[in-house]
file model_5.cif (mmCIF, C-alpha atoms)
data_work
loop_
_atom_site.label_atom_id
_atom_site.label_comp_id
_atom_site.auth_asym_id
_atom_site.auth_seq_id
_atom_site.Cartn_x
_atom_site.Cartn_y
_atom_site.Cartn_z
CA MET A 25 7.56 -24.81 -43.09
CA GLN A 26 5.09 -24.52 -45.96
CA ALA A 27 2.59 -22.79 -43.65
CA GLU A 28 5.18 -20.19 -42.63
CA VAL A 29 6.05 -19.48 -46.25
CA GLN A 30 2.33 -19.19 -46.97
CA ALA A 31 2.01 -16.70 -44.08
CA ILE A 32 4.81 -14.55 -45.51
CA THR A 33 3.23 -14.49 -48.95
CA ASN A 34 -0.19 -13.73 -47.47
CA ILE A 35 0.99 -10.68 -45.56
CA ASP A 36 -0.92 -7.49 -46.41
CA ARG A 37 1.59 -5.67 -48.62
CA LEU A 38 -0.41 -2.48 -48.57
CA ILE A 39 0.20 -2.17 -44.83
CA HIS A 40 3.65 -3.77 -44.86
CA GLU A 41 5.22 -0.83 -46.74
CA PRO A 42 7.03 1.21 -44.00
CA ALA A 43 5.50 4.62 -44.80
CA ARG A 44 1.96 3.25 -44.84
CA LEU A 45 2.64 1.14 -41.74
CA ALA A 46 3.70 4.30 -39.92
CA ILE A 47 0.53 6.12 -41.01
CA ILE A 48 -1.69 3.24 -39.93
CA ALA A 49 0.17 2.86 -36.61
CA VAL A 50 -0.53 6.53 -35.83
CA LEU A 51 -4.16 6.33 -36.89
CA SER A 52 -4.69 3.13 -34.88
CA ALA A 53 -3.77 5.01 -31.70
CA CYS A 54 -6.32 7.82 -32.15
CA GLU A 55 -9.75 8.65 -33.55
CA SER A 56 -8.35 10.90 -36.25
CA ALA A 57 -5.24 12.88 -37.09
CA ASP A 58 -4.75 15.83 -39.38
CA PHE A 59 -2.17 16.07 -42.14
CA ALA A 60 0.24 18.13 -40.00
CA ALA A 61 0.16 15.58 -37.16
CA LEU A 62 0.82 12.71 -39.57
CA LEU A 63 3.73 14.68 -41.07
CA HIS A 64 5.13 15.35 -37.61
CA LEU A 65 4.75 11.82 -36.26
CA THR A 66 5.76 9.79 -39.32
CA GLY A 67 8.55 12.07 -40.51
CA LEU A 68 7.47 11.60 -44.15
CA THR A 69 7.68 14.34 -46.74
CA LYS A 70 4.44 16.07 -47.78
CA GLY A 71 4.48 14.47 -51.23
CA ASN A 72 5.13 10.97 -49.94
CA LEU A 73 2.50 11.31 -47.21
CA SER A 74 -0.09 12.52 -49.74
CA ALA A 75 0.65 9.63 -52.09
CA GLN A 76 0.50 7.00 -49.33
CA LEU A 77 -2.72 8.46 -47.93
CA GLN A 78 -4.29 8.25 -51.34
CA LYS A 79 -3.34 4.57 -51.68
CA LEU A 80 -4.78 3.80 -48.24
CA GLU A 81 -7.96 5.67 -49.09
CA GLU A 82 -8.33 3.77 -52.36
CA ALA A 83 -8.07 0.51 -50.39
CA GLU A 84 -10.75 1.88 -48.05
CA TYR A 85 -8.42 1.51 -45.05
CA ILE A 86 -8.75 5.20 -44.17
CA THR A 87 -11.16 8.06 -44.74
CA ILE A 88 -9.91 11.50 -45.68
CA THR A 89 -12.04 14.54 -44.85
CA LYS A 90 -11.10 17.84 -46.40
CA SER A 91 -12.44 21.08 -44.94
CA PHE A 92 -11.50 24.69 -44.20
CA LYS A 93 -10.44 25.92 -40.77
CA GLU A 94 -10.21 29.70 -40.55
CA ARG A 95 -9.84 29.97 -44.34
CA TYR A 96 -7.01 27.39 -44.43
CA PRO A 97 -7.49 23.96 -46.02
CA HIS A 98 -7.53 21.19 -43.47
CA THR A 99 -7.21 17.43 -44.01
CA ASP A 100 -8.32 14.92 -41.40
CA CYS A 101 -7.61 11.21 -41.67
CA ALA A 102 -9.16 8.33 -39.75
CA LEU A 103 -8.88 4.57 -39.88
CA THR A 104 -11.98 2.76 -41.17
CA THR A 105 -13.27 -0.42 -39.54
CA ALA A 106 -11.78 -2.39 -42.45
CA GLY A 107 -8.46 -0.62 -41.92
CA ARG A 108 -8.47 -1.38 -38.22
CA GLN A 109 -9.24 -5.06 -38.87
CA ALA A 110 -6.57 -5.26 -41.56
CA PHE A 111 -3.98 -3.70 -39.24
CA ARG A 112 -4.93 -6.10 -36.43
CA ALA A 113 -4.65 -9.09 -38.80
CA TYR A 114 -1.33 -7.81 -40.15
CA TRP A 115 0.06 -7.37 -36.65
CA GLN A 116 -0.99 -10.87 -35.63
CA GLN A 117 0.69 -12.28 -38.73
CA VAL A 118 3.90 -10.36 -38.07
CA ASN A 119 3.98 -11.49 -34.43
CA ALA A 120 3.33 -15.10 -35.43
CA LEU A 121 6.12 -14.91 -38.01
CA GLY A 122 8.44 -13.37 -35.42
CA LYS A 123 7.84 -16.35 -33.15
CA VAL A 124 8.56 -18.82 -35.96
CA ILE A 125 11.77 -17.01 -36.91
CA THR A 126 13.09 -16.83 -33.33
CA ALA A 127 12.15 -20.50 -32.77
CA MET B 8 12.00 -2.83 -38.26
CA MET B 9 9.79 0.15 -37.50
CA ASN B 10 8.91 0.85 -33.87
CA VAL B 11 5.13 0.62 -34.25
CA ALA B 12 4.48 0.59 -30.49
CA GLY B 13 6.66 3.69 -30.10
CA LEU B 14 4.66 5.52 -32.77
CA GLN B 15 1.40 4.56 -31.10
CA GLN B 16 2.77 5.73 -27.75
CA ARG B 17 3.82 9.11 -29.20
CA THR B 18 0.35 9.50 -30.73
CA GLY B 19 -1.39 8.72 -27.44
CA ARG B 20 0.94 11.07 -25.57
CA TYR B 21 -0.46 14.07 -27.50
CA GLU B 22 -3.55 14.10 -25.31
CA PHE B 23 -1.60 14.19 -22.04
CA ALA B 24 1.62 16.01 -22.83
CA ASP B 25 0.29 19.57 -22.99
CA GLY B 26 -1.31 19.75 -19.52
CA ILE B 27 -4.92 20.31 -20.63
CA ARG B 28 -6.11 16.94 -19.28
CA GLU B 29 -4.51 17.67 -15.90
CA LEU B 30 -6.34 20.99 -15.71
CA GLN B 31 -9.63 19.30 -16.60
CA PHE B 32 -9.07 16.63 -13.95
CA ALA B 33 -8.04 19.28 -11.40
CA PHE B 34 -11.34 21.05 -12.02
CA TRP B 35 -13.27 17.87 -11.15
CA VAL B 36 -11.15 17.15 -8.09
CA LEU B 37 -11.67 20.68 -6.75
CA VAL B 38 -15.42 20.67 -7.46
CA THR B 39 -15.99 17.32 -5.71
CA GLY B 40 -13.75 18.34 -2.79
CA PHE B 41 -15.76 21.53 -2.38
CA TYR B 42 -19.06 19.60 -2.44
CA GLY B 43 -17.74 17.18 0.17
CA TRP B 44 -16.66 20.03 2.41
CA VAL B 45 -20.05 21.75 2.15
CA ILE B 46 -21.89 18.49 2.87
CA TRP B 47 -19.79 17.39 5.87
CA ASP B 48 -18.68 20.66 7.44
CA MET B 49 -21.35 23.18 6.46
CA PRO B 50 -24.69 21.61 7.42
CA ASP B 51 -26.06 25.05 8.37
CA LEU B 52 -25.60 26.12 4.79
CA TRP B 53 -27.60 23.36 3.13
CA GLN B 54 -29.98 22.03 5.81
CA PRO B 55 -32.61 24.82 5.43
CA PHE B 56 -32.38 24.32 1.68
CA ALA B 57 -32.84 20.54 2.16
CA GLU B 58 -35.93 21.19 4.30
CA TRP B 59 -37.38 23.40 1.58
CA LEU B 60 -36.44 20.84 -1.08
CA ARG B 61 -38.26 18.05 0.75
CA ALA B 62 -41.52 19.93 0.22
CA GLN B 63 -41.02 20.14 -3.56
CA ASN B 64 -42.09 17.63 -6.21
CA ALA B 65 -39.84 14.84 -7.50
CA VAL B 66 -38.70 16.67 -10.66
CA VAL B 67 -37.51 19.72 -8.69
CA ILE B 68 -35.76 17.47 -6.15
CA ILE B 69 -33.91 15.54 -8.87
CA MET B 70 -33.08 18.75 -10.75
CA LEU B 71 -31.67 20.54 -7.75
CA THR B 72 -29.87 17.64 -6.07
CA PHE B 73 -28.38 15.82 -9.05
CA VAL B 74 -28.78 17.56 -12.39
CA LEU B 75 -27.62 21.05 -11.40
CA PRO B 76 -24.66 20.22 -9.13
CA ILE B 77 -23.37 17.55 -11.52
CA GLY B 78 -24.79 18.92 -14.77
CA ILE B 79 -23.27 22.41 -14.49
CA PRO B 80 -19.71 21.19 -13.78
CA LEU B 81 -20.14 18.61 -16.57
CA LEU B 82 -21.18 21.36 -18.97
CA ILE B 83 -18.29 23.60 -17.86
CA SER B 84 -15.85 20.69 -18.25
CA HIS B 85 -17.20 19.76 -21.69
CA LEU B 86 -17.29 23.32 -23.02
CA GLY B 87 -13.90 24.06 -21.45
CA MET B 88 -12.38 21.06 -23.20
CA ARG B 89 -13.94 22.08 -26.52
CA TRP B 90 -12.61 25.59 -26.10
CA ALA B 91 -9.16 24.22 -25.18
CA ASN B 92 -9.16 21.99 -28.27
CA GLU B 93 -10.22 24.73 -30.67
CA LYS B 94 -8.46 27.76 -29.24
CA LEU B 95 -5.52 26.57 -27.18
CA ARG B 96 -4.47 23.41 -28.97
CA ARG B 97 -5.17 24.24 -32.63
CA ARG B 98 -3.81 27.77 -32.42
CA TRP B 99 -1.16 27.52 -29.80
CA LEU B 100 -0.18 24.22 -28.19
CA TRP B 101 -0.35 21.97 -31.27
CA ARG B 102 0.33 24.69 -33.82
CA THR B 103 3.30 23.01 -35.49
CA THR B 104 2.71 19.40 -34.51
CA GLY B 105 -0.83 19.04 -35.90
CA PHE B 106 -4.09 17.99 -34.35
CA ILE B 107 -4.92 14.54 -32.99
CA LYS B 108 -8.40 13.56 -31.90
CA ALA B 109 -7.92 11.15 -29.03
CA LYS B 110 -9.74 7.86 -28.59
CA PRO B 111 -12.60 8.08 -26.07
CA TRP B 112 -10.94 5.46 -23.80
CA LEU B 113 -7.30 6.45 -23.71
CA VAL B 114 -6.73 4.99 -20.28
CA PRO B 115 -7.08 1.20 -20.66
CA ARG B 116 -10.13 -0.30 -18.97
CA ARG B 117 -7.86 -2.68 -17.08
CA THR B 118 -6.13 0.31 -15.49
CA LEU B 119 -9.45 1.93 -14.61
CA PHE B 120 -10.69 -1.34 -13.12
CA ALA B 121 -7.50 -1.75 -11.06
CA SER B 122 -7.68 1.84 -9.80
CA LEU B 123 -11.34 1.39 -8.76
CA THR B 124 -10.42 -1.87 -7.01
CA ILE B 125 -7.78 0.02 -5.00
CA MET B 126 -10.33 2.67 -4.05
CA PHE B 127 -12.90 0.12 -2.90
CA ALA B 128 -10.30 -1.89 -0.98
CA VAL B 129 -9.33 1.20 1.04
CA PHE B 130 -13.00 2.12 1.46
CA ILE B 131 -13.76 -1.35 2.86
CA ALA B 132 -10.72 -1.09 5.16
CA GLY B 133 -12.21 2.23 6.34
CA ILE B 134 -15.53 0.52 7.10
CA LEU B 135 -13.80 -2.25 9.08
CA LEU B 136 -11.73 0.29 10.99
CA ALA B 137 -14.85 2.36 11.67
CA ILE B 138 -16.60 -0.69 13.16
CA GLN B 139 -13.53 -1.58 15.22
CA LEU B 140 -12.97 1.94 16.57
CA ARG B 141 -16.66 2.96 16.61
CA ASP B 142 -15.95 6.06 14.55
CA ALA B 143 -18.29 6.52 11.54
CA SER B 144 -16.17 9.33 10.08
CA LEU B 145 -13.52 6.73 9.19
CA ILE B 146 -15.84 5.42 6.45
CA ILE B 147 -15.84 8.80 4.68
CA ARG B 148 -12.13 9.20 5.38
CA GLY B 149 -11.65 5.77 3.75
CA ILE B 150 -13.39 7.01 0.59
CA TYR B 151 -11.11 10.06 0.43
CA VAL B 152 -7.92 8.12 1.10
CA GLY B 153 -8.99 5.41 -1.36
CA THR B 154 -9.64 8.08 -3.99
CA GLY B 155 -6.18 9.55 -3.34
CA PHE B 156 -4.58 6.11 -3.82
CA GLU B 157 -6.71 5.55 -6.93
CA PHE B 158 -5.54 8.83 -8.47
CA ALA B 159 -1.90 8.02 -7.67
CA TYR B 160 -2.20 4.60 -9.31
CA MET B 161 -3.97 6.02 -12.36
CA TRP B 162 -1.39 8.75 -12.97
CA PHE B 163 1.40 6.24 -12.51
CA ALA B 164 -0.20 3.82 -14.99
CA VAL B 165 -0.72 6.61 -17.55
CA ALA B 166 2.88 7.77 -16.98
CA ASN B 167 4.16 4.28 -17.80
CA ARG B 168 1.87 3.77 -20.78
CA PHE B 169 2.75 7.04 -22.49
CA ASN B 170 6.23 7.55 -21.04
CA LEU B 171 5.43 10.77 -19.16
CA PRO B 172 7.90 11.31 -16.30
CA ARG B 173 5.90 14.36 -15.09
CA TYR B 174 2.94 12.12 -14.30
CA ARG B 175 5.16 9.85 -12.21
CA ILE B 176 6.14 12.83 -10.08
CA VAL B 177 2.48 13.86 -9.72
CA ALA B 178 1.58 10.31 -8.69
CA MET B 179 4.34 10.06 -6.09
CA VAL B 180 3.76 13.52 -4.58
CA GLY B 181 0.01 12.89 -4.54
CA LEU B 182 0.43 9.49 -2.89
CA ALA B 183 2.80 10.86 -0.24
CA SER B 184 0.47 13.76 0.58
CA THR B 185 -2.54 11.40 0.77
CA LEU B 186 -0.64 9.18 3.22
CA ILE B 187 0.48 12.12 5.39
CA LEU B 188 -3.00 13.67 5.42
CA ALA B 189 -4.57 10.30 6.31
CA LEU B 190 -2.60 10.27 9.55
CA LEU B 191 -3.51 13.82 10.62
CA PRO B 192 -6.41 14.28 13.05
CA ILE B 193 -8.57 16.61 10.93
CA ARG B 194 -12.38 16.80 10.63
CA VAL B 195 -13.61 14.69 7.74
CA GLY B 196 -14.99 17.55 5.60
CA LEU B 197 -11.86 19.62 6.03
CA PHE B 198 -9.77 16.52 5.34
CA GLY B 199 -11.57 16.07 2.01
CA LEU B 200 -11.19 19.75 1.17
CA ILE B 201 -7.44 19.77 1.93
CA LEU B 202 -6.88 16.49 0.08
CA SER B 203 -8.77 17.61 -3.02
CA GLY B 204 -7.18 21.06 -2.75
CA PHE B 205 -3.75 19.47 -2.67
CA TRP B 206 -4.43 17.10 -5.57
CA GLY B 207 -6.15 19.89 -7.52
CA GLY B 208 -3.30 22.30 -6.85
CA LEU B 209 -0.72 19.70 -7.79
CA LEU B 210 -2.49 19.01 -11.08
CA VAL B 211 -2.94 22.72 -11.83
CA VAL B 212 0.78 23.38 -11.25
CA SER B 213 1.77 20.35 -13.33
CA GLY B 214 -0.74 21.24 -16.07
CA LEU B 215 0.32 24.88 -16.31
CA TYR B 216 3.99 23.92 -16.33
CA ALA B 217 3.35 21.45 -19.15
CA MET B 218 1.34 24.05 -21.07
CA ARG B 219 4.13 26.57 -20.79
CA GLN B 220 6.74 24.03 -21.90
CA THR B 221 4.63 22.94 -24.85
CA ALA B 222 3.97 26.53 -25.91
CA LEU B 223 7.68 27.36 -25.74
CA GLU B 224 8.57 24.27 -27.79
CA GLN B 225 5.95 25.15 -30.38
CA LYS B 226 7.21 28.71 -30.60
CA ALA B 227 10.79 27.52 -31.02
CA THR B 228 9.73 25.11 -33.81
CA ALA B 229 7.64 27.80 -35.53
CA ASP B 230 10.51 30.31 -35.31
CA ALA B 231 12.98 27.76 -36.67
CA SER B 232 10.81 26.98 -39.70
#
call {"tool": "encode", "arguments": {"input": "model_5.cif", "output": "structure tokens"}}
result
Amino acid sequence: MQAEVQAITNIDRLIHEPARLAIIAVLSACESADFAALLHLTGLTKGNLSAQLQKLEEAEYITITKSFKERYPHTDCALTTAGRQAFRAYWQQVNALGKVITA
Amino acid sequence: MMNVAGLQQRTGRYEFADGIRELQFAFWVLVTGFYGWVIWDMPDLWQPFAEWLRAQNAVVIIMLTFVLPIGIPLLISHLGMRWANEKLRRRWLWRTTGFIKAKPWLVPRRTLFASLTIMFAVFIAGILLAIQLRDASLIIRGIYVGTGFEFAYMWFAVANRFNLPRYRIVAMVGLASTLILALLPIRVGLFGLILSGFWGGLLVVSGLYAMRQTALEQKATADAS
């Protein structure tokens, strides 16, 4: 039982937060997504999405590229290798925990 | 608990939902079908050219037999896709839903491997049948039928992975037409042309329908906001 408790405490809290998990889930299924696509797919508000993206960027889980497309500001986000590995590890932990709980 | 798999599926669906990929695939199907028809049914058209080509040096031969016929469609396909991404998707089809850059291998390798296995299995069956019936054209027919089955399997697999009912219809109609055509006594070149024409046409219709639907949805969302 101690190992299971350890696994729960070791879970990556940065990814575990639902808004950030949604962002990472979207980015894990593509090369990159722009701000509008993340808004559309995650259903977050602009402010919340911005804040969560910033936290993920600070943790170096994602890269944010800002540019201009036809005079409009454009933000592209992509998962870094570290982010992809962290998400994979998180998902394995969650699945393992799920098995323990159902058992 | 959040539906992570559902979110990933919706993200992956972006690339297939608007019909652009079908149009790109249709282009390739039609180009290869046309080449097959010219090679098998139009020897008068290319034989004098082949004679002339034989007298040229290796670079010219490679350029004219491989690079140009494959290179030009590749360039058209690549530039067409870039144009579609920049002009159609950014401005029109994904105007309100944002832009997603797809992964290079959206179709899982396992699916691609299975679809190629189906194609080769039918091709080998064609060879065996050709030996049995002493009809060499059955080998080529086997390639075409195998390719038809491969396409049907691939569209069906993509339909299931990204939950796209339209692709299931394309797969079933394509499979049925491949089966019907396989039983008709048509010359092999013409058979390839009709088969690729049918698959190409089916994909064009499906792609244009999807494009129209997506554009209407985007317009409705833009108007509402």
call {"tool": "resolve_selection", "arguments": {"input": "model_5.cif", "expression": "the PyMOL selection byres ((chain A) within 7 of (chain B))", "output": "PyMOL selection string"}}
result
chain A and resi 46+49-50+53-58+60-61+64
call {"tool": "closest_residue", "arguments": {"input": "model_5.cif", "among": "A:Tyr85, A:Phe59, A:Tyr96, A:Tyr114", "to": "Ile35 (chain A)", "atoms": "only C-alpha atoms"}}
result
A:Tyr114
call {"tool": "closest_residue", "arguments": {"input": "model_5.cif", "among": "A:Ala43, A:Ile48, A:Ile125, A:Leu103", "to": "Asn72 (chain A)", "atoms": "only C-alpha atoms"}}
result
A:Ala43
call {"tool": "atom_distance", "arguments": {"input": "model_5.cif", "atom1": "CA of Trp99 (chain B)", "atom2": "CA of Leu37 (chain B)"}}
result
26.2 Å
call {"tool": "resolve_selection", "arguments": {"input": "model_5.cif", "expression": "the PyMOL selection byres ((chain B and resi 168-177) around 9)", "output": "count of residues only"}}
result
25
call {"tool": "resolve_selection", "arguments": {"input": "model_5.cif", "expression": "the PyMOL selection byres ((chain B and resi 80) around 12)", "output": "PyMOL selection string"}}
result
chain B and resi 31-32+34-39+42+73-79+81-88
call {"tool": "atom_distance", "arguments": {"input": "model_5.cif", "atom1": "CA of Ala62 (chain B)", "atom2": "CA of Trp44 (chain B)"}}
result
25.0 Å
call {"tool": "atom_distance", "arguments": {"input": "model_5.cif", "atom1": "CA of Glu157 (chain B)", "atom2": "CA of Val45 (chain B)"}}
result
22.9 Å
call {"tool": "residues_near_point", "arguments": {"input": "model_5.cif", "point": "(-8.0, 16.7, -43.3)", "cutoff": "8 Å", "atoms": "all atoms listed in the file", "output": "MDAnalysis selection string"}}
result
chainID A and resid 57:59 88:91 97:101
call {"tool": "residues_near_point", "arguments": {"input": "model_5.cif", "point": "(-10.3, -0.4, -49.1)", "cutoff": "12 Å", "atoms": "all atoms listed in the file", "output": "PyMOL selection string"}}
result
chain A and resi 38-39+77-87+103-110
call {"tool": "write_last_selection", "arguments": {"input": "model_5.cif", "atoms": "C-alpha atoms", "output": "PDB file, keeping the file's coordinate frame"}}
result
ATOM      1  CA  LEU A  38      -0.410  -2.480 -48.570  1.00  0.00           C
ATOM      2  CA  ILE A  39       0.200  -2.170 -44.830  1.00  0.00           C
ATOM      3  CA  LEU A  77      -2.720   8.460 -47.930  1.00  0.00           C
ATOM      4  CA  GLN A  78      -4.290   8.250 -51.340  1.00  0.00           C
ATOM      5  CA  LYS A  79      -3.340   4.570 -51.680  1.00  0.00           C
ATOM      6  CA  LEU A  80      -4.780   3.800 -48.240  1.00  0.00           C
ATOM      7  CA  GLU A  81      -7.960   5.670 -49.090  1.00  0.00           C
ATOM      8  CA  GLU A  82      -8.330   3.770 -52.360  1.00  0.00           C
ATOM      9  CA  ALA A  83      -8.070   0.510 -50.390  1.00  0.00           C
ATOM     10  CA  GLU A  84     -10.750   1.880 -48.050  1.00  0.00           C
ATOM     11  CA  TYR A  85      -8.420   1.510 -45.050  1.00  0.00           C
ATOM     12  CA  ILE A  86      -8.750   5.200 -44.170  1.00  0.00           C
ATOM     13  CA  THR A  87     -11.160   8.060 -44.740  1.00  0.00           C
ATOM     14  CA  LEU A 103      -8.880   4.570 -39.880  1.00  0.00           C
ATOM     15  CA  THR A 104     -11.980   2.760 -41.170  1.00  0.00           C
ATOM     16  CA  THR A 105     -13.270  -0.420 -39.540  1.00  0.00           C
ATOM     17  CA  ALA A 106     -11.780  -2.390 -42.450  1.00  0.00           C
ATOM     18  CA  GLY A 107      -8.460  -0.620 -41.920  1.00  0.00           C
ATOM     19  CA  ARG A 108      -8.470  -1.380 -38.220  1.00  0.00           C
ATOM     20  CA  GLN A 109      -9.240  -5.060 -38.870  1.00  0.00           C
ATOM     21  CA  ALA A 110      -6.570  -5.260 -41.560  1.00  0.00           C
TER      22      ALA A 110
END
call {"tool": "residues_around", "arguments": {"input": "model_5.cif", "residues": "Met49 (chain B)", "least_positions_apart": "5", "cutoff": "12 Å", "atoms": "only C-alpha atoms", "output": "PDB file with C-alpha atoms, in the frame of the given file"}}
result
ATOM      1  CA  PHE B  41     -15.760  21.530  -2.380  1.00  0.00           C
ATOM      2  CA  TYR B  42     -19.060  19.600  -2.440  1.00  0.00           C
ATOM      3  CA  GLY B  43     -17.740  17.180   0.170  1.00  0.00           C
ATOM      4  CA  TRP B  44     -16.660  20.030   2.410  1.00  0.00           C
ATOM      5  CA  GLN B  54     -29.980  22.030   5.810  1.00  0.00           C
ATOM      6  CA  PRO B  55     -32.610  24.820   5.430  1.00  0.00           C
ATOM      7  CA  ARG B 194     -12.380  16.800  10.630  1.00  0.00           C
ATOM      8  CA  VAL B 195     -13.610  14.690   7.740  1.00  0.00           C
ATOM      9  CA  GLY B 196     -14.990  17.550   5.600  1.00  0.00           C
ATOM     10  CA  LEU B 197     -11.860  19.620   6.030  1.00  0.00           C
ATOM     11  CA  LEU B 200     -11.190  19.750   1.170  1.00  0.00           C
TER      12      LEU B 200
END
call {"tool": "closest_residue", "arguments": {"input": "model_5.cif", "among": "A:Leu51, A:Ala75, A:Leu63, A:Val118", "to": "Asn34 (chain A)", "atoms": "all atoms listed in the file"}}
result
A:Val118
